[in-house]
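Engineer: One file is attached below, input.tsv, containing TSV, C-alpha atoms.
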```tsv
chain	number	residue	atom	x	y	z
A	847	MET	CA	107.39	45.40	-23.91
A	848	PRO	CA	106.97	46.40	-20.25
A	849	SER	CA	106.79	43.63	-17.66
A	850	GLY	CA	103.39	42.79	-16.24
A	851	VAL	CA	101.86	43.35	-12.84
A	852	ILE	CA	101.59	39.61	-12.19
A	853	PRO	CA	104.74	37.76	-13.24
A	854	SER	CA	104.27	34.71	-15.42
A	855	PRO	CA	104.87	31.64	-13.26
A	856	LYS	CA	106.40	29.95	-16.28
A	857	THR	CA	109.76	30.77	-17.80
A	858	GLY	CA	110.07	31.58	-21.47
A	859	ARG	CA	111.33	28.08	-22.17
A	860	GLU	CA	108.41	26.58	-20.27
A	861	LEU	CA	105.93	28.68	-22.27
A	862	VAL	CA	107.47	27.40	-25.48
A	863	ASP	CA	107.42	23.81	-24.24
A	864	GLU	CA	103.75	24.11	-23.25
A	865	TYR	CA	102.28	26.17	-26.09
A	866	PHE	CA	104.50	25.77	-29.17
A	867	ILE	CA	102.57	22.94	-30.79
A	868	GLU	CA	99.12	24.54	-30.56
A	869	ASN	CA	100.42	27.85	-31.89
A	870	ARG	CA	102.28	26.07	-34.69
A	871	THR	CA	98.89	24.61	-35.59
A	872	ARG	CA	97.31	28.10	-35.66
A	873	LEU	CA	100.13	29.39	-37.85
A	874	LEU	CA	99.60	26.63	-40.40
A	875	GLU	CA	95.82	27.23	-40.35
A	876	ILE	CA	96.40	30.86	-41.34
A	877	ALA	CA	98.85	29.86	-44.06
A	878	ALA	CA	96.39	27.32	-45.43
A	879	TYR	CA	93.55	29.89	-45.32
A	880	LEU	CA	95.60	32.33	-47.41
A	881	ASP	CA	96.58	29.59	-49.88
A	882	ARG	CA	92.90	28.63	-50.16
A	883	LEU	CA	91.94	32.21	-50.97
A	884	ASP	CA	94.71	32.40	-53.57
A	885	ARG	CA	93.47	29.24	-55.26
A	886	SER	CA	89.97	30.64	-55.32
A	887	ASP	CA	90.67	34.25	-56.33
A	888	PRO	CA	94.14	35.81	-55.99
A	889	SER	CA	92.73	39.30	-56.59
A	890	LEU	CA	90.71	39.36	-53.38
A	891	VAL	CA	93.36	41.37	-51.57
A	892	ASP	CA	92.60	44.23	-53.97
A	893	ARG	CA	88.84	43.83	-53.94
A	894	ASP	CA	87.79	42.95	-50.39
A	895	PHE	CA	88.73	45.12	-47.43
A	896	ARG	CA	88.61	42.17	-45.03
A	897	VAL	CA	91.32	40.34	-46.96
A	898	ARG	CA	93.39	43.51	-47.25
A	899	ALA	CA	93.08	44.09	-43.50
A	900	PHE	CA	94.05	40.51	-42.77
A	901	ARG	CA	97.17	40.77	-44.95
A	902	GLU	CA	98.20	44.06	-43.36
A	903	ALA	CA	97.66	42.61	-39.89
A	904	LEU	CA	100.10	39.82	-40.68
A	905	ARG	CA	102.82	42.42	-41.25
A	906	LEU	CA	102.27	43.64	-37.69
A	907	LEU	CA	103.39	40.27	-36.37
A	908	GLU	CA	106.98	41.13	-37.26
A	909	ASP	CA	109.36	41.29	-34.33
A	910	ARG	CA	110.33	44.96	-34.01
A	911	PRO	CA	110.23	47.69	-31.37
A	912	ALA	CA	107.14	49.90	-31.27
A	913	ALA	CA	107.38	53.15	-33.21
A	914	ALA	CA	106.64	56.47	-31.47
A	915	GLY	CA	102.97	56.75	-30.55
A	916	GLU	CA	102.33	53.16	-31.55
A	917	PRO	CA	100.89	50.54	-29.16
A	918	GLN	CA	103.49	48.42	-27.43
A	919	THR	CA	102.09	45.03	-28.29
A	920	ARG	CA	101.33	43.21	-31.52
A	921	VAL	CA	97.80	42.42	-30.42
A	922	GLU	CA	96.99	46.08	-29.76
A	923	ARG	CA	98.50	47.17	-33.09
A	924	ILE	CA	96.30	44.65	-34.88
A	925	GLN	CA	93.22	45.64	-32.85
A	926	HIS	CA	93.71	49.26	-33.89
A	927	LEU	CA	94.33	48.34	-37.54
A	928	LEU	CA	90.98	46.52	-37.57
A	929	SER	CA	89.11	49.27	-35.66
A	930	ASP	CA	87.02	52.20	-36.86
A	931	PRO	CA	89.29	55.22	-36.19
A	932	THR	CA	86.51	57.83	-36.58
A	933	THR	CA	84.99	59.65	-33.63
A	934	GLU	CA	81.72	61.08	-34.98
A	935	PRO	CA	78.50	59.08	-34.42
A	936	LEU	CA	76.67	57.71	-37.45
A	937	GLU	CA	73.59	59.75	-38.36
A	938	LYS	CA	71.51	56.57	-38.48
A	939	LEU	CA	71.92	52.82	-38.27
A	940	ASP	CA	73.45	51.41	-41.47
A	941	VAL	CA	73.88	47.71	-40.76
A	942	LYS	CA	72.98	45.74	-37.66
A	943	SER	CA	76.20	43.77	-37.23
A	944	ALA	CA	79.92	44.47	-37.39
A	945	ARG	CA	82.11	42.72	-39.98
A	946	GLY	CA	85.39	42.35	-38.17
A	947	ALA	CA	87.46	45.03	-39.89
A	948	TYR	CA	87.09	48.71	-40.80
A	949	ASP	CA	87.12	49.52	-44.50
A	950	ARG	CA	89.76	52.22	-44.36
A	951	TRP	CA	90.40	51.75	-48.10
A	952	GLN	CA	86.74	52.29	-49.11
A	953	MET	CA	87.10	49.04	-50.99
A	954	GLY	CA	83.92	47.18	-50.07
A	955	VAL	CA	83.58	43.42	-50.33
A	956	ALA	CA	84.29	41.30	-53.38
B	1460	MET	CA	86.22	25.51	-7.29
B	1461	ARG	CA	83.49	28.12	-6.95
B	1462	TYR	CA	82.58	30.86	-9.39
B	1463	ILE	CA	80.04	33.48	-10.39
B	1464	ASP	CA	79.22	34.01	-14.06
B	1465	LEU	CA	78.55	37.73	-14.13
B	1466	HIS	CA	77.18	37.71	-17.68
B	1467	ALA	CA	75.09	34.78	-18.91
B	1468	HIS	CA	71.96	34.85	-21.09
B	1469	MET	CA	70.35	31.82	-19.55
B	1470	VAL	CA	66.99	32.31	-21.29
B	1471	SER	CA	68.84	31.07	-24.39
B	1472	ARG	CA	70.38	28.05	-22.69
B	1473	SER	CA	69.17	24.56	-21.92
B	1474	THR	CA	68.73	22.82	-18.59
B	1475	ASP	CA	71.81	20.75	-19.52
B	1476	ASP	CA	73.79	23.99	-19.42
B	1477	TYR	CA	72.57	24.73	-15.91
B	1478	VAL	CA	73.68	21.22	-14.91
B	1479	LYS	CA	77.10	21.78	-16.49
B	1480	MET	CA	77.50	25.09	-14.67
B	1481	ALA	CA	76.38	23.65	-11.33
B	1482	LEU	CA	78.73	20.68	-11.66
B	1483	THR	CA	81.67	23.01	-12.31
B	1484	GLY	CA	81.06	25.17	-9.23
B	1485	CYS	CA	78.80	27.99	-10.42
B	1486	VAL	CA	76.92	29.46	-7.46
B	1487	ALA	CA	75.33	32.50	-9.13
B	1488	VAL	CA	74.70	34.04	-12.52
B	1489	THR	CA	73.65	37.54	-13.47
B	1490	GLU	CA	71.71	37.95	-16.69
B	1491	PRO	CA	71.62	41.27	-18.54
B	1492	ALA	CA	68.66	41.99	-20.80
B	1493	PHE	CA	69.84	41.62	-24.39
B	1494	TRP	CA	68.92	41.24	-28.04
B	1495	ALA	CA	67.00	38.08	-28.90
B	1496	GLY	CA	68.71	37.82	-32.31
B	1497	TRP	CA	65.65	39.49	-33.85
B	1498	ASP	CA	63.91	42.77	-33.07
B	1499	ARG	CA	60.95	42.57	-30.72
B	1500	SER	CA	57.78	43.98	-32.22
B	1501	SER	CA	56.48	45.95	-29.23
B	1502	ALA	CA	57.04	47.10	-25.67
B	1503	ASP	CA	54.73	44.29	-24.61
B	1504	GLY	CA	57.33	41.86	-25.94
B	1505	PHE	CA	59.91	43.43	-23.63
B	1506	GLU	CA	57.51	43.25	-20.72
B	1507	ASP	CA	57.11	39.50	-21.19
B	1508	TYR	CA	60.90	39.21	-21.37
B	1509	PHE	CA	61.29	41.17	-18.12
B	1510	ARG	CA	58.82	38.82	-16.43
B	1511	GLN	CA	60.85	35.87	-17.68
B	1512	LEU	CA	64.05	37.40	-16.29
B	1513	THR	CA	62.65	38.38	-12.92
B	1514	ASP	CA	60.28	35.52	-12.19
B	1515	PHE	CA	60.72	32.37	-14.24
B	1516	GLU	CA	64.49	32.23	-14.71
B	1517	PRO	CA	65.43	32.58	-11.01
B	1518	LYS	CA	63.20	29.60	-10.27
B	1519	ARG	CA	64.70	27.54	-13.10
B	1520	ALA	CA	68.24	28.32	-11.88
B	1521	ALA	CA	67.31	27.43	-8.31
B	1522	ILE	CA	66.57	23.86	-9.38
B	1523	TYR	CA	70.33	23.52	-9.89
B	1524	GLY	CA	71.33	25.41	-6.77
B	1525	ILE	CA	72.35	28.51	-8.72
B	1526	ARG	CA	71.28	32.02	-7.73
B	1527	HIS	CA	69.96	34.05	-10.65
B	1528	PHE	CA	69.97	37.86	-10.83
B	1529	ALA	CA	69.02	40.17	-13.68
B	1530	TRP	CA	69.71	43.56	-15.25
B	1531	LEU	CA	66.98	45.32	-17.23
B	1532	CYS	CA	66.99	47.60	-20.26
B	1533	LEU	CA	66.27	47.89	-23.94
B	1534	ASN	CA	69.51	46.57	-25.43
B	1535	PRO	CA	71.78	48.56	-27.78
B	1536	LYS	CA	70.86	46.49	-30.84
B	1537	GLU	CA	67.33	47.89	-30.58
B	1538	GLY	CA	68.35	51.31	-29.31
B	1539	GLU	CA	67.91	52.95	-32.71
B	1540	ASP	CA	64.11	52.91	-32.33
B	1541	ARG	CA	63.59	55.90	-30.05
B	1542	GLN	CA	59.84	55.54	-29.75
B	1543	LEU	CA	60.12	51.90	-28.68
B	1544	ALA	CA	62.95	52.79	-26.30
B	1545	ARG	CA	60.87	55.47	-24.58
B	1546	GLU	CA	57.96	53.08	-24.14
B	1547	VAL	CA	60.16	50.28	-22.76
B	1548	LEU	CA	61.99	52.64	-20.41
B	1549	ARG	CA	58.65	53.84	-19.04
B	1550	ARG	CA	57.85	50.23	-18.01
B	1551	ILE	CA	61.18	49.34	-16.38
B	1552	PRO	CA	60.91	51.10	-12.97
B	1553	ARG	CA	58.33	48.77	-11.48
B	1554	TYR	CA	60.55	45.76	-12.26
B	1555	LEU	CA	63.45	47.38	-10.42
B	1556	GLU	CA	61.60	46.51	-7.22
B	1557	SER	CA	62.12	42.80	-7.92
B	1558	PRO	CA	64.37	41.13	-5.29
B	1559	THR	CA	66.64	39.75	-8.01
B	1560	VAL	CA	67.14	42.84	-10.19
B	1561	LEU	CA	70.58	44.38	-9.61
B	1562	GLY	CA	70.43	47.33	-11.96
B	1563	ILE	CA	70.20	48.68	-15.51
B	1564	GLY	CA	71.91	46.68	-18.27
B	1565	GLU	CA	73.27	45.72	-20.63
B	1566	ILE	CA	72.91	49.18	-22.08
B	1567	GLY	CA	75.52	50.63	-24.40
B	1568	LEU	CA	76.12	51.09	-28.10
B	1569	ASN	CA	76.05	48.90	-31.19
B	1570	ARG	CA	77.05	50.90	-34.29
B	1571	VAL	CA	77.48	54.18	-32.39
B	1572	THR	CA	74.61	56.13	-33.93
B	1573	ARG	CA	73.04	59.34	-32.62
B	1574	ASN	CA	69.85	57.51	-31.66
B	1575	GLU	CA	71.78	54.77	-29.84
B	1576	ILE	CA	73.58	57.47	-27.86
B	1577	ALA	CA	70.26	59.13	-26.95
B	1578	THR	CA	68.84	55.80	-25.78
B	1579	PHE	CA	72.02	55.13	-23.80
B	1580	ARG	CA	71.70	58.51	-22.05
B	1581	ASP	CA	68.06	57.79	-21.20
B	1582	HIS	CA	69.10	54.55	-19.51
B	1583	VAL	CA	71.90	56.23	-17.57
B	1584	ASP	CA	69.43	58.87	-16.37
B	1585	LEU	CA	67.04	56.10	-15.27
B	1586	ALA	CA	69.81	54.34	-13.36
B	1587	ILE	CA	70.79	57.56	-11.59
B	1588	GLU	CA	67.19	58.39	-10.76
B	1589	HIS	CA	66.69	54.97	-9.15
B	1590	ASP	CA	70.22	54.61	-7.70
B	1591	GLN	CA	70.98	51.45	-9.68
B	1592	LEU	CA	74.19	49.69	-10.64
B	1593	ILE	CA	74.92	49.92	-14.38
B	1594	HIS	CA	76.10	47.16	-16.70
B	1595	ILE	CA	77.33	48.28	-20.13
B	1596	HIS	CA	77.81	46.39	-23.39
B	1597	THR	CA	80.55	47.66	-25.68
B	1598	PRO	CA	80.23	47.14	-29.44
B	1599	HIS	CA	81.59	44.24	-31.41
B	1600	LEU	CA	84.75	43.95	-33.47
B	1601	GLU	CA	85.71	47.06	-35.49
B	1602	ASP	CA	83.19	49.18	-33.57
B	1603	LYS	CA	84.53	48.32	-30.12
B	1604	TYR	CA	87.22	50.99	-29.78
B	1605	LYS	CA	85.04	53.86	-31.03
B	1606	GLY	CA	82.06	52.68	-28.98
B	1607	THR	CA	84.06	52.24	-25.78
B	1608	ARG	CA	85.71	55.64	-26.22
B	1609	THR	CA	82.29	57.24	-26.75
B	1610	ILE	CA	80.79	55.51	-23.69
B	1611	VAL	CA	83.68	56.50	-21.40
B	1612	ASP	CA	83.47	60.11	-22.63
B	1613	LEU	CA	79.68	60.26	-22.20
B	1614	LEU	CA	79.83	58.90	-18.65
B	1615	SER	CA	82.52	61.41	-17.71
B	1616	GLU	CA	79.96	64.17	-18.37
B	1617	TYR	CA	77.84	62.98	-15.42
B	1618	ASP	CA	78.65	64.38	-12.00
B	1619	ARG	CA	76.40	61.83	-10.32
B	1620	ILE	CA	78.01	58.70	-11.78
B	1621	ASP	CA	80.24	56.74	-9.42
B	1622	PRO	CA	82.47	54.73	-11.78
B	1623	SER	CA	82.97	52.01	-9.18
B	1624	ARG	CA	79.25	51.19	-9.61
B	1625	VAL	CA	79.56	50.80	-13.39
B	1626	MET	CA	80.74	47.72	-15.31
B	1627	ILE	CA	81.90	48.42	-18.87
B	1628	ASP	CA	81.95	44.92	-20.29
B	1629	HIS	CA	83.50	43.05	-23.24
B	1630	ALA	CA	86.88	44.76	-22.94
B	1631	GLU	CA	89.80	43.70	-25.11
B	1632	GLU	CA	93.45	44.66	-25.21
B	1633	HIS	CA	92.86	48.02	-26.93
B	1634	THR	CA	89.98	49.15	-24.68
B	1635	LEU	CA	90.80	47.78	-21.24
B	1636	PRO	CA	93.28	50.53	-20.22
B	1637	MET	CA	90.88	53.41	-20.91
B	1638	ILE	CA	88.14	51.72	-18.86
B	1639	LEU	CA	90.35	51.04	-15.85
B	1640	GLU	CA	92.05	54.44	-15.98
B	1641	ASN	CA	88.65	56.10	-15.59
B	1642	GLY	CA	87.76	54.09	-12.49
B	1643	PHE	CA	85.19	51.70	-13.97
B	1644	TRP	CA	84.92	47.95	-13.53
B	1645	THR	CA	85.38	45.86	-16.64
B	1646	GLY	CA	84.74	42.36	-17.89
B	1647	LEU	CA	86.56	40.03	-20.26
B	1648	THR	CA	84.17	37.89	-22.29
B	1649	LEU	CA	85.40	34.37	-22.96
B	1650	TYR	CA	84.19	33.47	-26.44
B	1651	PRO	CA	85.39	30.76	-28.81
B	1652	GLN	CA	85.59	33.16	-31.78
B	1653	THR	CA	85.08	36.86	-31.15
B	1654	LYS	CA	86.03	38.79	-27.99
B	1655	VAL	CA	88.68	37.06	-25.83
B	1656	SER	CA	90.16	33.58	-25.44
B	1657	PRO	CA	91.17	32.33	-21.98
B	1658	GLU	CA	94.84	32.70	-22.94
B	1659	ARG	CA	94.43	36.36	-23.95
B	1660	ALA	CA	92.40	37.05	-20.83
B	1661	ILE	CA	95.23	35.65	-18.70
B	1662	ASP	CA	97.70	37.85	-20.58
B	1663	MET	CA	95.63	40.89	-19.61
B	1664	PHE	CA	95.53	39.88	-15.94
B	1665	GLU	CA	99.30	39.40	-15.99
B	1666	ARG	CA	99.74	42.85	-17.55
B	1667	TYR	CA	97.20	44.86	-15.55
B	1668	GLY	CA	96.55	42.90	-12.35
B	1669	THR	CA	93.19	41.75	-11.02
B	1670	ASP	CA	91.67	44.98	-9.64
B	1671	ARG	CA	88.21	45.74	-11.06
B	1672	ILE	CA	88.39	43.02	-13.75
B	1673	CYS	CA	86.02	40.06	-14.03
B	1674	VAL	CA	85.58	37.26	-16.56
B	1675	ALA	CA	82.29	35.87	-17.85
B	1676	SER	CA	80.91	33.50	-20.47
B	1677	ALA	CA	78.24	35.82	-21.92
B	1678	CYS	CA	76.74	32.55	-23.14
B	1679	ASP	CA	73.72	33.19	-25.35
B	1680	TRP	CA	72.13	31.88	-28.56
B	1681	GLY	CA	75.36	32.20	-30.59
B	1682	PRO	CA	78.70	30.38	-30.43
B	1683	SER	CA	79.52	30.51	-26.70
B	1684	LEU	CA	80.25	28.21	-23.78
B	1685	PRO	CA	78.22	28.08	-20.56
B	1686	ASP	CA	81.30	26.61	-18.85
B	1687	ALA	CA	83.71	29.23	-20.21
B	1688	VAL	CA	84.65	30.41	-16.71
B	1689	PRO	CA	85.86	26.97	-15.52
B	1690	HIS	CA	87.70	26.63	-18.84
B	1691	PHE	CA	89.42	29.91	-17.95
B	1692	ALA	CA	90.29	28.53	-14.50
B	1693	LEU	CA	91.79	25.45	-16.13
B	1694	ALA	CA	93.84	27.63	-18.47
B	1695	MET	CA	95.04	29.63	-15.45
B	1696	ARG	CA	96.23	26.45	-13.76
B	1697	ARG	CA	97.96	25.35	-16.95
B	1698	ARG	CA	99.82	28.67	-16.98
B	1699	GLY	CA	100.93	27.94	-13.43
B	1700	HIS	CA	98.80	30.45	-11.52
B	1701	ALA	CA	97.80	29.74	-7.93
B	1702	ALA	CA	94.34	28.74	-6.76
B	1703	ASP	CA	93.87	31.85	-4.62
B	1704	LEU	CA	94.53	34.12	-7.60
B	1705	ILE	CA	91.99	32.19	-9.68
B	1706	ASP	CA	89.43	32.41	-6.87
B	1707	ARG	CA	89.96	36.15	-6.64
B	1708	ILE	CA	89.16	36.58	-10.32
B	1709	ILE	CA	86.22	34.21	-10.74
B	1710	TYR	CA	84.55	34.52	-7.31
B	1711	GLN	CA	85.75	37.37	-5.13
B	1712	ASN	CA	85.87	40.05	-7.84
B	1713	PRO	CA	82.26	39.50	-8.99
B	1714	ILE	CA	81.15	39.66	-5.35
B	1715	ALA	CA	83.07	42.92	-4.86
B	1716	PHE	CA	81.22	44.53	-7.77
B	1717	LEU	CA	77.80	42.92	-7.47
B	1718	GLY	CA	77.78	43.15	-3.67
B	1719	GLN	CA	77.32	46.90	-4.03
B	1720	SER	CA	73.67	45.99	-4.54
B	1721	PRO	CA	72.05	44.98	-1.24
B	1722	LYS	CA	70.04	42.39	-3.18
B	1723	PHE	CA	73.06	40.34	-4.21
B	1724	ASP	CA	74.08	37.37	-2.12
B	1725	VAL	CA	75.31	33.87	-2.82
B	1726	GLY	CA	73.79	32.20	0.22
B	1727	THR	CA	72.58	28.64	0.04
B	1728	THR	CA	69.18	29.20	1.67
B	1729	PRO	CA	66.39	29.42	-0.93
B	1730	ARG	CA	64.69	32.79	-1.14
B	1731	PRO	CA	60.92	32.98	-0.77
B	1732	GLY	CA	59.31	31.36	-3.81
B	1733	GLU	CA	62.66	30.01	-5.00
B	1734	SER	CA	62.12	26.39	-4.00
B	1735	ALA	CA	63.17	23.90	-6.65
B	1736	ALA	CA	59.69	22.38	-6.42
B	1737	THR	CA	58.17	25.58	-7.77
B	1738	VAL	CA	59.02	24.73	-11.36
B	1739	SER	CA	59.49	21.16	-12.45
B	1740	PRO	CA	59.87	20.57	-16.17
B	1741	ARG	CA	58.88	16.94	-15.61
B	1742	ASN	CA	55.58	17.66	-13.90
B	1743	PRO	CA	52.95	19.34	-16.07
B	1744	THR	CA	51.11	20.43	-12.94
B	1745	ASP	CA	54.13	22.36	-11.76
B	1746	ALA	CA	55.18	23.47	-15.20
B	1747	LYS	CA	53.81	26.97	-14.88
B	1748	SER	CA	55.74	29.57	-12.96
B	1749	SER	CA	53.86	32.36	-11.28
B	1750	ALA	CA	54.65	34.32	-14.43
B	1751	GLY	CA	52.42	31.90	-16.28
B	1752	VAL	CA	55.16	30.64	-18.57
B	1753	ALA	CA	55.08	27.00	-19.57
B	1754	ALA	CA	58.36	25.40	-18.55
B	1755	ALA	CA	58.64	22.71	-21.20
```
Using structure tokens, write down the structure from this file.

Structural biologist:
Amino acid sequence: MPSGVIPSPKTGRELVDEYFIENRTRLLEIAAYLDRLDRSDPSLVDRDFRVRAFREALRLLEDRPAAAGEPQTRVERIQHLLSDPTTEPLEKLDVKSARGAYDRWQMGVA
Amino acid sequence: MRYIDLHAHMVSRSTDDYVKMALTGCVAVTEPAFWAGWDRSSADGFEDYFRQLTDFEPKRAAIYGIRHFAWLCLNPKEGEDRQLAREVLRRIPRYLESPTVLGIGEIGLNRVTRNEIATFRDHVDLAIEHDQLIHIHTPHLEDKYKGTRTIVDLLSEYDRIDPSRVMIDHAEEHTLPMILENGFWTGLTLYPQTKVSPERAIDMFERYGTDRICVASACDWGPSLPDAVPHFALAMRRRGHAADLIDRIIYQNPIAFLGQSPKFDVGTTPRPGESAATVSPRNPTDAKSSAGVAAA
């Protein structure tokens, strides 16, 4: 990943010291959320596009170099996975509010 | 610490929120016209809202020593109704004369429909005709990338648009580069759930610098924090950033953008009719603004 315009005042070690615990907490929250869904209905990943998108986004957290034409950062890769990739306007308003992920699988919600 | 909240829907907030903002160093807010959470039934409903934004709310803010400015429009959530949009747009020009109106906003797109785009164009034309600054909302969540792309492309069709007089707000990691590359200002909205956390906002400043980027609370009737900007400043300090860099982002940058309107200033002298005594929620005699709105 390219270096930023404004250097981080903290070293890598200092960032880990300062932020590890709160991000460990977030990691466990996600794990617990997935376990909760599994206890409730393990088939959701095949029946609800939001769950499918969430699972696919987790794969983008893997530590690997960006592929050709792919965004450099994990957060941008996930933003694009969740985004509507179409370019044509809708003919008319369908729903008032967004749902957080684009249903690229035409799966609908459970 | 001193700061300007460039995007705050104060009509949805309590007096306690004004106190919290004043205590944390807020000297001015700008309030774009937005969706009430339900569709207004008529253009008359918008007219009452515009009176609230241009008359009552500046007086309420002044009680706490905060300058209040507004942007006017029919918001993107209601932009699908073309007939209503035309009627509301017809009524906006006379409010642009108000001493606290900075421009047209927050216009933009919601689900990126053909009618929303037509309403967006009408607002841009109005802003050009009246030489106004423009404040633009970009869509939420999965619609943000497509909506931002569409807005940037539409604006590039106008010869008479100066991008340095346009704020394309609610940027995130995947939309910020295209906004900056085309010369526009942008804003990062500090929300507890959607949009951007203080930590992610700081990441974007570290990656792209501070030129033409502001932060704001966009506090409204949903989950949001009226003191989101000072929370951001605290997060900046925790990351080790210097006070002058923080001041540039939360005070100097908003002034650089908003100061393009001759109406914007953050002076401490009350403007005519802005005296705190004008509206006192505790005194029923004073509890009517000149707009005729009961204060409490």

Engineer: Considering only C-alpha atoms, state which residue in the set B:Arg1550, B:Arg1608, B:His1596, B:Arg1666 is at the smallest distance from chain A.

Structural biologist: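 Counting only C-alpha atoms, the residue closest to chain A is B:Arg1666.
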
Engineer: At most 9 Å is the cut-off: for each residue in chain B with any atom that close to an atom of chain A, write down the nearest atom pair and the distance in Å rounded to one decimal, counting only C-alpha atoms, chain first then increasing number, as CSV.

Structural biologist:
```
residue,atom,partner,partner_atom,distance
B:Lys1536,CA,A:Lys942,CA,7.2
B:Glu1539,CA,A:Leu939,CA,6.9
B:Asn1569,CA,A:Lys942,CA,7.8
B:Arg1570,CA,A:Leu939,CA,6.8
B:Val1571,CA,A:Pro935,CA,5.4
B:Thr1572,CA,A:Leu936,CA,4.4
B:Arg1573,CA,A:Pro935,CA,5.8
B:Asn1574,CA,A:Lys938,CA,7.1
B:Glu1575,CA,A:Leu939,CA,8.7
B:Ile1576,CA,A:Pro935,CA,8.4
B:Pro1598,CA,A:Ala944,CA,8.4
B:His1599,CA,A:Ala944,CA,6.2
B:Leu1600,CA,A:Gly946,CA,5.0
B:Glu1601,CA,A:Ser929,CA,4.1
B:Asp1602,CA,A:Asp930,CA,5.9
B:Lys1603,CA,A:Ser929,CA,7.3
B:Tyr1604,CA,A:Ser929,CA,6.4
B:Lys1605,CA,A:Thr933,CA,6.3
B:Gly1606,CA,A:Thr933,CA,8.9
B:Arg1608,CA,A:Thr933,CA,8.5
B:Thr1609,CA,A:Thr933,CA,7.8
B:Glu1631,CA,A:Gln925,CA,8.7
B:Glu1632,CA,A:Glu922,CA,5.9
B:His1633,CA,A:Glu922,CA,5.4
B:Thr1653,CA,A:Gly946,CA,8.9
B:Asp1662,CA,A:Gly850,CA,8.7
B:Met1663,CA,A:Gly850,CA,8.7
B:Phe1664,CA,A:Ile852,CA,7.1
B:Glu1665,CA,A:Ile852,CA,4.4
B:Arg1666,CA,A:Gly850,CA,3.9
B:Tyr1667,CA,A:Val851,CA,5.6
B:Gly1668,CA,A:Val851,CA,5.4
B:Thr1669,CA,A:Ile852,CA,8.7
B:Arg1697,CA,A:Glu864,CA,8.6
B:Arg1698,CA,A:Lys856,CA,6.7
B:Gly1699,CA,A:Pro855,CA,5.4
B:His1700,CA,A:Pro855,CA,6.4
```

Engineer: Have a look at B:Asn1712, B:Asn1641, B:Thr1634, B:Thr1513 and name the one nearest to Asp1612 in chain B; count all atoms listed in the file.

Structural biologist: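 The answer is B:Asn1641, which sits nearest to Asp1612 in chain B.
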
Engineer: State, in Å with one decimal place, the distance from CA of Glu908 in chain A to CA of Leu883 in chain A.

Structural biologist: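 Atom-to-atom, CA of Glu908 in chain A and CA of Leu883 in chain A are spaced 22.2 Å apart.
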
Engineer: Just give me the gap between CA of Cys1485 in chain B and CA of Arg1510 in chain B in Å, one decimal is fine.

Structural biologist: 23.5 Å

Engineer: Expressed in Å to a single decimal, how great is the separation between CA of Cys1678 in chain B and CA of Ala1467 in chain B?

Structural biologist: 5.1 Å

Engineer: Which one is closest to Leu880 in chain A: A:Arg901, A:Arg896, A:Arg910, A:Arg859? Count all atoms listed in the file.

Structural biologist: A:Arg901

Engineer: Can you tell me which residues surround Arg1696 in chain B at a distance of at most 12 Å, considering all atoms listed in the file, apart from same-chain residues fewer than 5 positions away, and format the answer as a ChimeraX atom specification?

Structural biologist: /A:854-856 /B:1460,1657-1658,1661,1689-1691,1701-1706

Engineer: Go through B:Tyr1650, B:Phe1528, B:Tyr1617, B:Tyr1462 and flag the residue nearest Ala1481 in chain B, using all atoms listed in the file for the distances.

Structural biologist: B:Tyr1462

Engineer: Could you name the residues that touch Phe1509 in chain B at 9 Å or less, counting all atoms listed in the file, but leaving out those on the same chain fewer than 6 positions away, as a CSV table (one decimal) with C-alpha atoms, in the coordinates of the input?

Structural biologist:
```csv
chain,number,residue,atom,x,y,z
B,1492,ALA,CA,68.7,42.0,-20.8
B,1529,ALA,CA,69.0,40.2,-13.7
B,1531,LEU,CA,67.0,45.3,-17.2
B,1532,CYS,CA,67.0,47.6,-20.3
B,1551,ILE,CA,61.2,49.3,-16.4
B,1554,TYR,CA,60.6,45.8,-12.3
```

Engineer: Return the single residue from A:Val891, A:Leu873, A:Val862, A:Leu907 that is closest to Gly954 in chain A, with distances computed using all atoms listed in the file.

Structural biologist: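 Ranked by minimum distance to Gly954 in chain A, first place goes to A:Val891.
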
Engineer: For Asp884 in chain A, which residue among A:Glu916, A:Arg905, A:Arg950, A:Val897 is the nearest when counting only C-alpha atoms?

Structural biologist: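 With only C-alpha atoms as the atom set, the closest residue is A:Val897.
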
Engineer: For range 941-946 of chain A, supply N, CA and C atoms and report the output as an mmCIF file, in the coordinates of the input.

Structural biologist:
```cif
data_model
loop_
_atom_site.group_PDB
_atom_site.id
_atom_site.type_symbol
_atom_site.label_atom_id
_atom_site.label_comp_id
_atom_site.auth_asym_id
_atom_site.auth_seq_id
_atom_site.Cartn_x
_atom_site.Cartn_y
_atom_site.Cartn_z
ATOM 1 N N VAL A 941 74.026 49.161 -40.795
ATOM 2 C CA VAL A 941 73.880 47.710 -40.760
ATOM 3 C C VAL A 941 73.778 47.308 -39.284
ATOM 4 N N LYS A 942 73.201 46.142 -39.043
ATOM 5 C CA LYS A 942 72.980 45.740 -37.660
ATOM 6 C C LYS A 942 74.257 45.198 -37.018
ATOM 7 N N SER A 943 75.065 44.494 -37.810
ATOM 8 C CA SER A 943 76.200 43.770 -37.230
ATOM 9 C C SER A 943 77.535 44.246 -37.791
ATOM 10 N N ALA A 944 78.553 44.126 -36.973
ATOM 11 C CA ALA A 944 79.920 44.470 -37.390
ATOM 12 C C ALA A 944 80.475 43.358 -38.284
ATOM 13 N N ARG A 945 81.557 43.696 -39.039
ATOM 14 C CA ARG A 945 82.110 42.720 -39.980
ATOM 15 C C ARG A 945 83.526 42.290 -39.656
ATOM 16 N N GLY A 946 84.090 42.852 -38.615
ATOM 17 C CA GLY A 946 85.390 42.350 -38.170
ATOM 18 C C GLY A 946 86.569 43.227 -38.544
#
```
